[in-house]
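Participant: Sharing final-v6.pdb below, PDB, C-alpha atoms:
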ATOM      1  CA  GLN A  28      99.978  81.845  58.336
ATOM      2  CA  SER A  29     101.317  79.914  55.372
ATOM      3  CA  GLU A  30     104.360  78.249  56.989
ATOM      4  CA  PRO A  31     102.516  76.598  59.917
ATOM      5  CA  MET A  32      99.747  75.487  57.536
ATOM      6  CA  LYS A  33     102.290  73.881  55.184
ATOM      7  CA  LEU A  34     103.646  71.867  58.125
ATOM      8  CA  LEU A  35     100.097  70.588  58.719
ATOM      9  CA  GLY A  36      99.991  69.353  55.137
ATOM     10  CA  SER A  37      98.144  72.271  53.567
ATOM     11  CA  PRO A  38      99.988  73.561  50.480
ATOM     12  CA  TYR A  39      98.852  77.137  51.142
ATOM     13  CA  PRO A  40      96.706  79.073  53.595
ATOM     14  CA  ASP A  41      93.030  79.625  52.845
ATOM     15  CA  GLN A  42      92.317  82.851  51.001
ATOM     16  CA  ASN A  43      89.307  83.815  53.128
ATOM     17  CA  SER A  44      87.022  82.594  55.915
ATOM     18  CA  ASP A  45      84.533  81.019  53.456
ATOM     19  CA  GLN A  46      87.296  78.807  52.038
ATOM     20  CA  THR A  47      88.314  77.798  55.573
ATOM     21  CA  ARG A  48      84.695  77.071  56.552
ATOM     22  CA  LYS A  49      84.180  74.840  53.484
ATOM     23  CA  ALA A  50      87.421  72.952  54.148
ATOM     24  CA  LEU A  51      86.546  72.373  57.795
ATOM     25  CA  LEU A  52      82.998  71.250  57.039
ATOM     26  CA  GLY A  53      84.340  68.817  54.436
ATOM     27  CA  ARG A  54      86.510  67.182  57.092
ATOM     28  CA  GLN A  55      83.655  66.830  59.609
ATOM     29  CA  SER A  56      82.043  63.687  58.193
ATOM     30  CA  GLY A  57      82.513  60.849  60.692
ATOM     31  CA  LEU A  58      84.806  63.009  62.811
ATOM     32  CA  GLU A  59      84.797  63.598  66.528
ATOM     33  CA  LYS A  60      87.335  65.953  68.000
ATOM     34  CA  VAL A  61      88.619  67.422  71.199
ATOM     35  CA  GLN A  62      90.482  70.663  70.650
ATOM     36  CA  TYR A  63      91.615  73.602  72.691
ATOM     37  CA  GLY A  64      93.002  77.033  72.005
ATOM     38  CA  MET A  65      96.354  77.933  73.533
ATOM     39  CA  PHE A  66      96.611  81.418  74.962
ATOM     40  CA  LEU A  67      99.415  83.370  76.543
ATOM     41  CA  LYS A  68      98.764  84.356  80.129
ATOM     42  CA  GLU A  69      98.845  88.065  80.932
ATOM     43  CA  LYS A  70     100.830  89.305  83.955
ATOM     44  CA  ASP A  71      97.566  89.918  85.816
ATOM     45  CA  GLY A  72      96.501  86.278  85.197
ATOM     46  CA  ARG A  73      93.980  87.027  82.468
ATOM     47  CA  GLU A  74      93.845  85.156  79.189
ATOM     48  CA  GLY A  75      96.036  86.822  76.586
ATOM     49  CA  GLU A  76      96.753  86.325  72.915
ATOM     50  CA  LEU A  77      95.641  83.166  71.090
ATOM     51  CA  ILE A  78      98.911  81.597  69.927
ATOM     52  CA  GLY A  79      97.720  78.220  68.647
ATOM     53  CA  TYR A  80      95.354  75.323  69.040
ATOM     54  CA  GLY A  81      95.508  71.573  69.253
ATOM     55  CA  GLY A  82      93.873  68.384  70.420
ATOM     56  CA  VAL A  83      92.840  65.116  68.818
ATOM     57  CA  ASN A  84      90.800  64.186  65.788
ATOM     58  CA  ILE A  85      88.990  60.873  65.965
ATOM     59  CA  PHE A  86      87.660  59.426  62.740
ATOM     60  CA  LYS A  87      85.141  56.634  63.194
ATOM     61  CA  GLY A  88      86.924  53.313  63.580
ATOM     62  CA  SER A  89      90.437  54.728  64.055
ATOM     63  CA  TRP A  90      92.793  55.750  66.812
ATOM     64  CA  PRO A  91      92.728  59.366  67.973
ATOM     65  CA  SER A  92      95.232  61.532  66.107
ATOM     66  CA  LEU A  93      97.030  64.316  67.990
ATOM     67  CA  PHE A  94      97.575  67.676  66.305
ATOM     68  CA  TYR A  95      98.801  71.127  67.286
ATOM     69  CA  ILE A  96      99.692  74.301  65.474
ATOM     70  CA  PHE A  97     101.181  77.575  66.672
ATOM     71  CA  LYS A  98     101.653  80.971  65.144
ATOM     72  CA  LYS A  99     105.175  81.161  63.733
ATOM     73  CA  GLU A 100     106.262  83.977  66.062
ATOM     74  CA  HIS A 101     105.649  81.638  69.026
ATOM     75  CA  TRP A 102     107.803  78.758  67.794
ATOM     76  CA  ASN A 103     110.876  77.672  69.782
ATOM     77  CA  TYR A 104     109.566  78.756  73.192
ATOM     78  CA  GLY A 105     108.592  75.277  74.398
ATOM     79  CA  TYR A 106     104.852  75.862  74.018
ATOM     80  CA  GLY A 107     104.421  72.776  71.830
ATOM     81  CA  THR A 108     106.061  70.481  74.368
ATOM     82  CA  GLU A 109     104.125  72.110  77.201
ATOM     83  CA  PHE A 110     100.848  71.641  75.320
ATOM     84  CA  VAL A 111     101.434  68.011  74.300
ATOM     85  CA  LYS A 112     102.521  66.938  77.795
ATOM     86  CA  ALA A 113      99.559  68.698  79.453
ATOM     87  CA  PHE A 114      97.103  67.411  76.864
ATOM     88  CA  MET A 115      98.303  63.831  77.302
ATOM     89  CA  ILE A 116      97.725  64.039  81.081
ATOM     90  CA  PHE A 117      94.206  65.326  80.406
ATOM     91  CA  TRP A 118      93.518  62.732  77.694
ATOM     92  CA  TRP A 119      94.536  59.721  79.751
ATOM     93  CA  SER A 120      92.440  60.948  82.694
ATOM     94  CA  LEU A 121      89.204  60.665  80.672
ATOM     95  CA  PRO A 122      86.946  57.649  81.355
ATOM     96  CA  ARG A 123      87.419  54.666  79.038
ATOM     97  CA  LYS A 124      85.250  51.916  77.573
ATOM     98  CA  ASP A 125      86.076  48.904  75.421
ATOM     99  CA  VAL A 126      85.440  49.372  71.705
ATOM    100  CA  GLN A 127      86.139  47.332  68.589
ATOM    101  CA  LEU A 128      88.527  48.756  65.999
ATOM    102  CA  ARG A 129      90.406  47.398  63.044
ATOM    103  CA  VAL A 130      94.046  47.974  63.810
ATOM    104  CA  LEU A 131      97.284  47.573  61.950
ATOM    105  CA  TYR A 132      99.306  44.462  62.643
ATOM    106  CA  SER A 133     102.238  46.637  63.762
ATOM    107  CA  TYR A 134     100.099  48.089  66.603
ATOM    108  CA  ILE A 135      99.349  44.734  68.218
ATOM    109  CA  ASP A 136     101.124  43.643  71.365
ATOM    110  CA  PHE A 137     100.533  39.904  71.185
ATOM    111  CA  ARG A 138     100.917  39.542  74.950
ATOM    112  CA  GLU A 139      97.497  41.245  75.319
ATOM    113  CA  LYS A 140      95.267  38.890  73.317
ATOM    114  CA  PRO A 141      92.507  39.591  72.483
ATOM    115  CA  LYS A 142      92.841  43.252  73.476
ATOM    116  CA  VAL A 143      95.057  45.978  72.081
ATOM    117  CA  THR A 144      96.199  48.825  74.301
ATOM    118  CA  GLU A 145      94.737  52.183  73.324
ATOM    119  CA  LEU A 146      97.122  54.572  71.670
ATOM    120  CA  ILE A 147      97.243  58.042  70.190
ATOM    121  CA  GLU A 148      98.761  58.618  66.763
ATOM    122  CA  ALA A 149     100.448  61.725  65.449
ATOM    123  CA  ASP A 150     102.204  62.569  62.223
ATOM    124  CA  THR A 151     104.820  65.098  61.249
ATOM    125  CA  HIS A 152     106.257  66.237  57.969
ATOM    126  CA  SER A 153     109.691  64.671  57.607
ATOM    127  CA  ASP A 154     111.290  68.151  57.451
ATOM    128  CA  ASN A 155     109.604  69.367  60.643
ATOM    129  CA  GLU A 156     112.425  68.809  63.133
ATOM    130  CA  ARG A 157     110.804  71.025  65.806
ATOM    131  CA  SER A 158     107.615  68.967  65.896
ATOM    132  CA  ARG A 159     109.584  65.727  65.891
ATOM    133  CA  LYS A 160     111.423  66.920  69.019
ATOM    134  CA  VAL A 161     108.136  67.921  70.681
ATOM    135  CA  LEU A 162     106.699  64.434  70.198
ATOM    136  CA  GLN A 163     109.909  62.735  71.339
ATOM    137  CA  LYS A 164     109.994  64.845  74.533
ATOM    138  CA  ALA A 165     106.381  63.877  75.219
ATOM    139  CA  GLY A 166     107.175  60.150  74.934
ATOM    140  CA  PHE A 167     105.928  59.415  71.406
ATOM    141  CA  VAL A 168     107.919  56.994  69.246
ATOM    142  CA  GLU A 169     108.126  56.669  65.476
ATOM    143  CA  THR A 170     106.266  53.769  63.890
ATOM    144  CA  GLU A 171     106.585  52.223  60.465
ATOM    145  CA  ALA A 172     102.826  52.079  59.881
ATOM    146  CA  TYR A 173     101.506  53.831  56.765
ATOM    147  CA  ALA A 174     105.005  54.923  55.684
ATOM    148  CA  ARG A 175     104.909  57.806  53.190
ATOM    149  CA  ALA A 176     108.052  59.472  51.933
ATOM    150  CA  ASP A 177     107.332  62.935  53.415
ATOM    151  CA  THR A 178     105.513  61.905  56.606
ATOM    152  CA  ILE A 179     106.673  60.370  59.879
ATOM    153  CA  TYR A 180     104.028  58.580  61.946
ATOM    154  CA  TRP A 181     104.166  58.421  65.743
ATOM    155  CA  ARG A 182     102.399  56.552  68.528
ATOM    156  CA  TYR A 183     101.954  56.899  72.258
ATOM    157  CA  PRO A 184     102.378  54.902  74.356
ATOM    158  CA  PRO A 185     105.328  53.094  72.811
ATOM    159  CA  LEU A 186     104.889  49.393  72.111
ATOM    160  CA  GLN A 187     106.551  47.517  74.964
ATOM    161  CA  ILE A 188     108.473  44.537  73.594
TER
END
Can you give me the file's structure in the form of structure tokens?

Facilitator:
Amino acid sequence: QSEPMKLLGSPYPDQNSDQTRKALLGRQSGLEKVQYGMFLKEKDGREGELIGYGGVNIFKGSWPSLFYIFKKEHWNYGYGTEFVKAFMIFWWSLPRKDVQLRVLYSYIDFREKPKVTELIEADTHSDNERSRKVLQKAGFVETEAYARADTIYWRYPPLQI
């Protein structure tokens, strides 16, 4: 669908599956990801219609970046908030290990020298009020890092000052 894809930063939907495949393969270099489909649940408990997908993208040497997208006809039902909250519980339950990353100055809590607390980033188009509310309800806060005119960047957990 064109409108959800525009909110993800794509100017238009792919014209066919080959175009989508090429675009996805081009983004794979140095990328790890965890993603899940979101399905409606049928009355009998079976898996129903696929209504969206989401998860995190992790580019080598960077923080994980949360994403989610839903079919337009399933907007405004709370599915985004439900997904982000559930995904965050899952994400933080995974085992951890110390790694070295280059991080932005604005992400450093100087009380933690020499470590920096892990975080998850997200970004929204500045006009996407629904997604902004989803992230706020899930505990994300806006950050000034990488400021671009049409994009708002978020982090979780918030920096405790």

Participant: Do a neighbour search on segment 101-104 of chain A at 9 Å with all atoms listed in the file, toss out local chain neighbours closer than 6 positions, and write the hits as a PDB file with C-alpha atoms, keeping the file's coordinate frame.

Facilitator:
ATOM      1  CA  ILE A  78      98.911  81.597  69.927  1.00  0.00           C
ATOM      2  CA  GLY A  79      97.720  78.220  68.647  1.00  0.00           C
ATOM      3  CA  ARG A 157     110.804  71.025  65.806  1.00  0.00           C
TER       4      ARG A 157
END

Participant: For this file, the PyMOL selection byres ((chain A and resi 82) around 7) selects which residues, as a list in words?

Facilitator: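 That expression, the PyMOL selection byres ((chain A and resi 82) around 7), corresponds here to Val61, Gln62, Tyr63, Gly81, Val83, Asn84, Leu93, Phe94 and Tyr95 of chain A.
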
Participant: Keeping only C-alpha atoms, take the residues you just selected and write them out as a short mmCIF file (atom, residue, chain, number, x, y, z; two decimals), in the frame of the given file.

Facilitator:
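Written file, out_30.cif:
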data_model
loop_
_atom_site.label_atom_id
_atom_site.label_comp_id
_atom_site.auth_asym_id
_atom_site.auth_seq_id
_atom_site.Cartn_x
_atom_site.Cartn_y
_atom_site.Cartn_z
CA VAL A 61 88.62 67.42 71.20
CA GLN A 62 90.48 70.66 70.65
CA TYR A 63 91.62 73.60 72.69
CA GLY A 81 95.51 71.57 69.25
CA VAL A 83 92.84 65.12 68.82
CA ASN A 84 90.80 64.19 65.79
CA LEU A 93 97.03 64.32 67.99
CA PHE A 94 97.58 67.68 66.31
CA TYR A 95 98.80 71.13 67.29
#

Participant: Show me, as a ChimeraX atom specification, the residues that have an atom within 7 Å of Leu67 of chain A when counting all atoms listed in the file, minus same-chain residues fewer than 2 positions from it.

Facilitator: /A:65,69,74-78

Participant: Just write the chosen residues, C-alpha atoms, as a PDB file, in the frame of the given file.

Facilitator:
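As written to disk, selection19.pdb reads:
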ATOM      1  CA  MET A  65      96.354  77.933  73.533  1.00  0.00           C
ATOM      2  CA  GLU A  69      98.845  88.065  80.932  1.00  0.00           C
ATOM      3  CA  GLU A  74      93.845  85.156  79.189  1.00  0.00           C
ATOM      4  CA  GLY A  75      96.036  86.822  76.586  1.00  0.00           C
ATOM      5  CA  GLU A  76      96.753  86.325  72.915  1.00  0.00           C
ATOM      6  CA  LEU A  77      95.641  83.166  71.090  1.00  0.00           C
ATOM      7  CA  ILE A  78      98.911  81.597  69.927  1.00  0.00           C
TER       8      ILE A  78
END

Participant: Running the PyMOL selection byres ((chain A and resi 162-170) around 8) on this model by hand, what would come out? Give it as a list in words.

Facilitator: Thr108, Val111, Lys112, Ser158, Arg159, Lys160, Val161, Glu171, Ala172, Ile179, Tyr180, Trp181, Arg182, Tyr183, Pro184 and Pro185 of chain A

Participant: Go ahead and compute the interatomic distance for atom CA of Asn155 of chain A and atom CA of Trp119 of chain A, in Å to one decimal.

Facilitator: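 Atom CA of Asn155 of chain A sits 26.2 Å away from atom CA of Trp119 of chain A.
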